[in-house]
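Visitor: The structure's right below; bear with me while I get my questions together.
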Amino acid sequence: MEIDNFNFEQNYFELFDIPVSCEIDVARLRENFMQMQRQYHPDRFAAAADPVKRRAVQVAAHINSAHQTLESPLKRAEYCLQLAGLSADSETDAKMDPMFLMQQMELRENLEEVSEASDPYEALNSARKDIDGQKVSTQTVVADAIGNARYDEAREYIRRWQFLEKLSDEANEIEARLDDA
């Protein structure tokens with residue numbers, strides 16, 4: 001088998017034979033992932049020598065990491081930005097659009113008020129609708145910016161998207177608490 005020739009140097013898009021883009025054919029990603037899993041799964045190397053077994057585990061972990069990155073729209077966008085030589089998580093650039101920050105504070109306040117609403121599930125669904133709408137529009141801006149090599153704009157909107165993802169996670173936690181109550 002070709003485990004010794006596995007190329008860790010190729011980027012994740014090359015690994016799955018997918019064009020570099022924020023918008024990918026998810027079915028093709030899944031199909032190529034499953035094919036690679038069949039080809040490189042460590043169980044196929046169970047009878048091999050220990051160094052080959054270790055290499056198989058490393059290859060499988062790399063394939064899984066690549067798949068998880070490309071499967072998630074946000075992680076995929078962050079990775080596209082990384083391939084362009086930038087990071088969305090710059091510690092030195094803390095500035096954000098004040099209007100965006102105000103919107104985020106309002107969304108967070110809406111989430112905090114869910115448990116006191118007369119119909120908490122309706123309030124939660126309303127907050128989620130707002131968050132999801134902003135995520136969709138942000139994702140569109142990021143895809144366009146990266147597709148047209150406007151990386152600074154993409155970086156700014158990816159950071160916004162990260163905020164929105166955190167709010168989505170908070171909404172999920174609130175729903176879990178409501179379900180437990």
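Just so we're on the same page: first chain in the structure tokens is A, next is B, and so on; residues restart at 1 for each chain, and ligands are numbered from 1 in the order they show up.
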List the spatial neighbours of region 55-58 of chain A as number ranges by chain - criterion: any atom at most 8 Å away, only C-alpha atoms, same-chain residues fewer than 5 positions off excluded.

Guide: A: 3-4, 40-42, 45

Visitor: Those same residues, written as a PDB file, in the first residue's frame with C-alpha atoms?

Guide:
```pdb
ATOM      1  CA  ILE A   3       1.172   4.644   3.139  1.00  0.00           C
ATOM      2  CA  ASP A   4       4.865   5.538   2.843  1.00  0.00           C
ATOM      3  CA  TYR A  40      -5.655   4.542   4.731  1.00  0.00           C
ATOM      4  CA  HIS A  41      -7.597   3.342   7.763  1.00  0.00           C
ATOM      5  CA  PRO A  42      -5.204   1.974  10.415  1.00  0.00           C
ATOM      6  CA  PHE A  45      -2.308  -2.015   8.485  1.00  0.00           C
TER       7      PHE A  45
END
```

Visitor: Could you give me, as a tab-separated table, a per-residue list for region 10-30 of chain A showing, wherever an atom lies at most 9 Å from an atom of region 74-83 of chain A, the closest pair of atoms and their distance in Å to one decimal, using only C-alpha atoms and sorting by chain then residue number from low to high?

Guide:
```
residue	atom	partner	partner_atom	distance
A:Asn11	CA	A:Leu83	CA	8.2
A:Tyr12	CA	A:Tyr79	CA	8.8
A:Val20	CA	A:Cys80	CA	7.2
A:Ser21	CA	A:Cys80	CA	7.0
A:Cys22	CA	A:Ala77	CA	5.4
A:Glu23	CA	A:Arg76	CA	8.7
```

Visitor: DSSP on the backbone, then: every residue of region 20-49 of chain A marked alpha helix (DSSP H), written as a list in words.

Guide: Val26, Ala27, Arg28, Leu29, Arg30, Glu31, Asn32, Phe33, Met34, Gln35, Met36, Gln37, Arg38, Gln39 and Tyr40 of chain A

Visitor: For the residues selected in the previous step, produce a file with C-alpha atoms as a PDB file, in the first residue's frame.

Guide:
```pdb
ATOM      1  CA  VAL A  26     -19.831  18.802   0.182  1.00  0.00           C
ATOM      2  CA  ALA A  27     -20.973  15.512  -1.379  1.00  0.00           C
ATOM      3  CA  ARG A  28     -17.674  15.271  -3.259  1.00  0.00           C
ATOM      4  CA  LEU A  29     -15.760  16.012  -0.058  1.00  0.00           C
ATOM      5  CA  ARG A  30     -17.658  13.240   1.732  1.00  0.00           C
ATOM      6  CA  GLU A  31     -17.117  10.782  -1.125  1.00  0.00           C
ATOM      7  CA  ASN A  32     -13.377  11.496  -1.320  1.00  0.00           C
ATOM      8  CA  PHE A  33     -13.096  11.320   2.469  1.00  0.00           C
ATOM      9  CA  MET A  34     -14.761   7.899   2.556  1.00  0.00           C
ATOM     10  CA  GLN A  35     -12.472   6.670  -0.219  1.00  0.00           C
ATOM     11  CA  MET A  36      -9.398   7.850   1.678  1.00  0.00           C
ATOM     12  CA  GLN A  37     -10.691   6.293   4.895  1.00  0.00           C
ATOM     13  CA  ARG A  38     -11.027   2.955   3.116  1.00  0.00           C
ATOM     14  CA  GLN A  39      -7.536   3.290   1.663  1.00  0.00           C
ATOM     15  CA  TYR A  40      -5.655   4.542   4.731  1.00  0.00           C
TER      16      TYR A  40
END
```

Visitor: Rank A:Leu124, A:Val141, A:Ile158, A:Ile131 by their smallest atom-to-atom distance to Met96 (chain A), using only C-alpha atoms, and report the top residue only.

Guide: A:Ile158

Visitor: Tell me which protein, DNA and RNA residues are within 8 Å of region 166-179 of chain A, counting only C-alpha atoms, leaving out same-chain ones fewer than 3 positions away, and put them as a list in words.

Guide: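 What passes the distance filter is Leu107, Arg108, Leu111, Ser115, Pro120, Tyr121, Leu124, Arg128, Ile131, Asp132, Gln162 and Phe163 of chain A.
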
Visitor: Go ahead and write the selection's residues with N, CA and C atoms as a PDB file, in the first residue's frame.

Guide:
```pdb
ATOM      1  N   LEU A 107     -28.061  40.900  20.530  1.00  0.00           N
ATOM      2  CA  LEU A 107     -28.350  39.473  20.379  1.00  0.00           C
ATOM      3  C   LEU A 107     -28.065  38.720  21.674  1.00  0.00           C
ATOM      4  N   ARG A 108     -26.955  39.061  22.326  1.00  0.00           N
ATOM      5  CA  ARG A 108     -26.615  38.407  23.589  1.00  0.00           C
ATOM      6  C   ARG A 108     -27.664  38.722  24.663  1.00  0.00           C
ATOM      7  N   LEU A 111     -30.669  36.647  24.136  1.00  0.00           N
ATOM      8  CA  LEU A 111     -30.448  35.284  24.629  1.00  0.00           C
ATOM      9  C   LEU A 111     -30.561  35.226  26.153  1.00  0.00           C
ATOM     10  N   SER A 115     -34.966  32.928  29.162  1.00  0.00           N
ATOM     11  CA  SER A 115     -35.528  32.142  30.265  1.00  0.00           C
ATOM     12  C   SER A 115     -36.640  32.887  31.005  1.00  0.00           C
ATOM     13  N   PRO A 120     -40.392  30.762  26.471  1.00  0.00           N
ATOM     14  CA  PRO A 120     -38.939  30.769  26.272  1.00  0.00           C
ATOM     15  C   PRO A 120     -38.495  30.145  24.942  1.00  0.00           C
ATOM     16  N   TYR A 121     -39.201  29.095  24.510  1.00  0.00           N
ATOM     17  CA  TYR A 121     -38.803  28.458  23.259  1.00  0.00           C
ATOM     18  C   TYR A 121     -39.043  29.387  22.065  1.00  0.00           C
ATOM     19  N   LEU A 124     -36.328  31.958  22.159  1.00  0.00           N
ATOM     20  CA  LEU A 124     -35.077  31.354  21.708  1.00  0.00           C
ATOM     21  C   LEU A 124     -35.076  31.195  20.185  1.00  0.00           C
ATOM     22  N   ARG A 128     -32.486  32.852  17.616  1.00  0.00           N
ATOM     23  CA  ARG A 128     -31.729  32.004  16.681  1.00  0.00           C
ATOM     24  C   ARG A 128     -31.930  32.468  15.233  1.00  0.00           C
ATOM     25  N   ILE A 131     -29.689  35.386  14.653  1.00  0.00           N
ATOM     26  CA  ILE A 131     -28.292  34.946  14.591  1.00  0.00           C
ATOM     27  C   ILE A 131     -28.020  34.232  13.271  1.00  0.00           C
ATOM     28  N   ASP A 132     -28.906  33.298  12.922  1.00  0.00           N
ATOM     29  CA  ASP A 132     -28.707  32.526  11.687  1.00  0.00           C
ATOM     30  C   ASP A 132     -28.745  33.416  10.452  1.00  0.00           C
ATOM     31  N   GLN A 162     -17.177  34.322  13.702  1.00  0.00           N
ATOM     32  CA  GLN A 162     -16.780  33.638  14.931  1.00  0.00           C
ATOM     33  C   GLN A 162     -17.645  34.092  16.112  1.00  0.00           C
ATOM     34  N   PHE A 163     -17.906  35.398  16.214  1.00  0.00           N
ATOM     35  CA  PHE A 163     -18.799  35.911  17.250  1.00  0.00           C
ATOM     36  C   PHE A 163     -20.169  35.260  17.131  1.00  0.00           C
TER      37      PHE A 163
END
```

Visitor: Measuring atom to atom with only C-alpha atoms, identify which of A:Ala46, A:Val114, A:Glu122, A:Phe100 is nearest to Tyr157 (chain A).

Guide: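 Checking each candidate against Tyr157 (chain A), we get A:Phe100 as the closest.
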
Visitor: What's the separation between CA of Arg155 (chain A) and CA of Gln10 (chain A), in Å to one decimal place?

Guide: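 Straight-line distance from CA of Arg155 (chain A) to CA of Gln10 (chain A) works out to 23.1 Å.
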
Visitor: From the options A:Ala127, A:Ala145, A:Leu15, A:Ala154, which residue's atoms come nearest to Ala66 (chain A), counting only C-alpha atoms?

Guide: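 So, comparing all the options, the nearest one is A:Leu15.
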
Visitor: Pick from A:Glu14, A:Asp130, A:Glu116, A:Asp89: nearest to Leu70 (chain A), with only C-alpha atoms counted?

Guide: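 Answer, going by the shortest atom-to-atom distance: A:Glu14.
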